[in-house]
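Notes to accompany the following structure.
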Amino acid sequence: MCPYCGAKSKSVHTIYLKAFSDLPVQSRQLTIVLQRRVFFCKNTECEKSKFAERFSFVDDYGRRTKRLNERIIELAANMSALKAEGIVSNGLTEISDDTILRMLKKTGYK
């Protein structure tokens, strides 16, 4: 279903791989790779001619699942970004202190 106009479509334009990180499994970092389809929108009045299918557990253009982002924010909320980077990069996923700061700012932590 087109996220812009709501029209249903079954016409696949392309398929590509979407990779993102998730919470570790048995202390090992996990990367999920899924096929993501791009569809043609059949509605001639729609502002977009193509759209990609969306996954509910990852933000558009996201590199990490929502639950991994929540865990990172939970860990980083009460410490410095450099300390949080060390803890997160040691077991959850590779991430920079600048990214942690952007995530905290986006969620409203000070």
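Chains: A, B, ... in order of the structure tokens. Residues: from 1 per chain. Ligands: from 1, in order shown.
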* Asked: Using only C-alpha atoms, which residues sit within 9 Å of A:Ser49 once same-chain residues fewer than 6 positions away are excluded, as a ChimeraX atom specification?
  -> /A:39-43
* Asked: Skipping near chain neighbours, those fewer than 6 positions away, what residues fall within 9 Å of A:Ala81 using only C-alpha atoms, listed as a ChimeraX atom specification?
  -> /A:96-101
* DSSP-assigned alpha helix (DSSP H) among stretch 16-101 of chain A, expressed as a list in words ->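 Checking each residue of stretch 16-101 of chain A, the alpha helix (DSSP H) ones are Lys66, Arg67, Leu68, Asn69, Glu70, Arg71, Ile72, Ile73, Glu74, Leu75, Ala76, Ala81, Leu82, Lys83, Ala84, Glu85, Gly86, Ile87, Val88, Ser89, Asp97, Asp98, Thr99, Ile100 and Leu101 of chain A.
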* Asked: Quick one: residues within 12 Å of stretch 29-34 of chain A, only C-alpha atoms counted, chain neighbours fewer than 5 positions away excluded, as an MDAnalysis selection string?
  -> chainID A and resid 15:24 53:55 57:58 63:65 68 88:94
* Asked: Looking only at the backbone, which of the residues in chain A does DSSP tag as strand (DSSP E or B), as a PyMOL selection string?
  -> chain A and resi 12-25+28-40+50-52+58+64-65
* To do: Excluding A:Lys50 and any residue of its chain fewer than 4 positions from it, enumerate the residues within 12 Å of it, using only C-alpha atoms, and give them as a ChimeraX atom specification.
  => /A:1-5,7-14,37-44,46
What does the file look like for those residues with N, CA and C atoms, as a PDB file, in the first residue's frame?
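Output below, filename again-v7.pdb:
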ATOM      1  N   MET A   1       0.841  -1.167   0.000  1.00  0.00           N
ATOM      2  CA  MET A   1       0.000   0.000   0.000  1.00  0.00           C
ATOM      3  C   MET A   1       0.895   1.242   0.000  1.00  0.00           C
ATOM      4  N   CYS A   2       0.604   2.169  -0.873  1.00  0.00           N
ATOM      5  CA  CYS A   2       1.394   3.396  -1.004  1.00  0.00           C
ATOM      6  C   CYS A   2       1.247   4.243   0.266  1.00  0.00           C
ATOM      7  N   PRO A   3       2.372   4.615   0.912  1.00  0.00           N
ATOM      8  CA  PRO A   3       2.286   5.422   2.126  1.00  0.00           C
ATOM      9  C   PRO A   3       1.877   6.871   1.862  1.00  0.00           C
ATOM     10  N   TYR A   4       1.894   7.290   0.615  1.00  0.00           N
ATOM     11  CA  TYR A   4       1.576   8.677   0.265  1.00  0.00           C
ATOM     12  C   TYR A   4       0.104   8.872  -0.073  1.00  0.00           C
ATOM     13  N   CYS A   5      -0.471   7.912  -0.830  1.00  0.00           N
ATOM     14  CA  CYS A   5      -1.870   8.077  -1.245  1.00  0.00           C
ATOM     15  C   CYS A   5      -2.782   6.944  -0.774  1.00  0.00           C
ATOM     16  N   ALA A   7      -3.027   3.910  -2.122  1.00  0.00           N
ATOM     17  CA  ALA A   7      -3.409   2.993  -3.196  1.00  0.00           C
ATOM     18  C   ALA A   7      -2.653   1.668  -3.057  1.00  0.00           C
ATOM     19  N   LYS A   8      -3.339   0.573  -3.368  1.00  0.00           N
ATOM     20  CA  LYS A   8      -2.716  -0.742  -3.332  1.00  0.00           C
ATOM     21  C   LYS A   8      -1.958  -0.982  -4.632  1.00  0.00           C
ATOM     22  N   SER A   9      -0.837  -1.689  -4.511  1.00  0.00           N
ATOM     23  CA  SER A   9      -0.038  -1.986  -5.689  1.00  0.00           C
ATOM     24  C   SER A   9       0.618  -3.345  -5.529  1.00  0.00           C
ATOM     25  N   LYS A  10       0.687  -4.087  -6.629  1.00  0.00           N
ATOM     26  CA  LYS A  10       1.388  -5.368  -6.659  1.00  0.00           C
ATOM     27  C   LYS A  10       2.512  -5.346  -7.688  1.00  0.00           C
ATOM     28  N   SER A  11       2.708  -4.199  -8.345  1.00  0.00           N
ATOM     29  CA  SER A  11       3.720  -4.071  -9.387  1.00  0.00           C
ATOM     30  C   SER A  11       5.081  -3.757  -8.778  1.00  0.00           C
ATOM     31  N   VAL A  12       5.961  -4.742  -8.785  1.00  0.00           N
ATOM     32  CA  VAL A  12       7.286  -4.575  -8.199  1.00  0.00           C
ATOM     33  C   VAL A  12       8.212  -3.910  -9.213  1.00  0.00           C
ATOM     34  N   HIS A  13       8.887  -2.854  -8.770  1.00  0.00           N
ATOM     35  CA  HIS A  13       9.856  -2.150  -9.613  1.00  0.00           C
ATOM     36  C   HIS A  13      11.231  -2.791  -9.467  1.00  0.00           C
ATOM     37  N   THR A  14      11.728  -2.883  -8.229  1.00  0.00           N
ATOM     38  CA  THR A  14      13.020  -3.504  -7.959  1.00  0.00           C
ATOM     39  C   THR A  14      12.992  -4.162  -6.584  1.00  0.00           C
ATOM     40  N   ARG A  37      11.298  -4.559  -1.225  1.00  0.00           N
ATOM     41  CA  ARG A  37      10.748  -4.351  -2.559  1.00  0.00           C
ATOM     42  C   ARG A  37      10.364  -2.883  -2.767  1.00  0.00           C
ATOM     43  N   VAL A  38      10.565  -2.428  -3.987  1.00  0.00           N
ATOM     44  CA  VAL A  38      10.121  -1.090  -4.395  1.00  0.00           C
ATOM     45  C   VAL A  38       8.987  -1.304  -5.392  1.00  0.00           C
ATOM     46  N   PHE A  39       7.858  -0.659  -5.141  1.00  0.00           N
ATOM     47  CA  PHE A  39       6.662  -0.826  -5.962  1.00  0.00           C
ATOM     48  C   PHE A  39       6.381   0.424  -6.789  1.00  0.00           C
ATOM     49  N   PHE A  40       5.683   0.222  -7.896  1.00  0.00           N
ATOM     50  CA  PHE A  40       5.119   1.327  -8.663  1.00  0.00           C
ATOM     51  C   PHE A  40       3.790   1.708  -8.026  1.00  0.00           C
ATOM     52  N   CYS A  41       3.511   3.010  -7.906  1.00  0.00           N
ATOM     53  CA  CYS A  41       2.199   3.454  -7.450  1.00  0.00           C
ATOM     54  C   CYS A  41       1.335   3.647  -8.685  1.00  0.00           C
ATOM     55  N   LYS A  42       0.189   2.988  -8.708  1.00  0.00           N
ATOM     56  CA  LYS A  42      -0.698   3.032  -9.875  1.00  0.00           C
ATOM     57  C   LYS A  42      -1.603   4.260  -9.894  1.00  0.00           C
ATOM     58  N   ASN A  43      -1.654   5.006  -8.786  1.00  0.00           N
ATOM     59  CA  ASN A  43      -2.490   6.197  -8.712  1.00  0.00           C
ATOM     60  C   ASN A  43      -1.814   7.339  -9.479  1.00  0.00           C
ATOM     61  N   THR A  44      -2.435   7.807 -10.540  1.00  0.00           N
ATOM     62  CA  THR A  44      -1.839   8.860 -11.371  1.00  0.00           C
ATOM     63  C   THR A  44      -1.808  10.210 -10.666  1.00  0.00           C
ATOM     64  N   CYS A  46      -1.020  10.553  -7.465  1.00  0.00           N
ATOM     65  CA  CYS A  46      -0.084  10.455  -6.338  1.00  0.00           C
ATOM     66  C   CYS A  46       1.176  11.255  -6.640  1.00  0.00           C
TER      67      CYS A  46
END
* At what distance in Å, to one decimal, does atom CA of A:Ser27 lie from atom CA of A:Leu75? ->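 Separation of atom CA of A:Leu75 and atom CA of A:Ser27: 16.6 Å.
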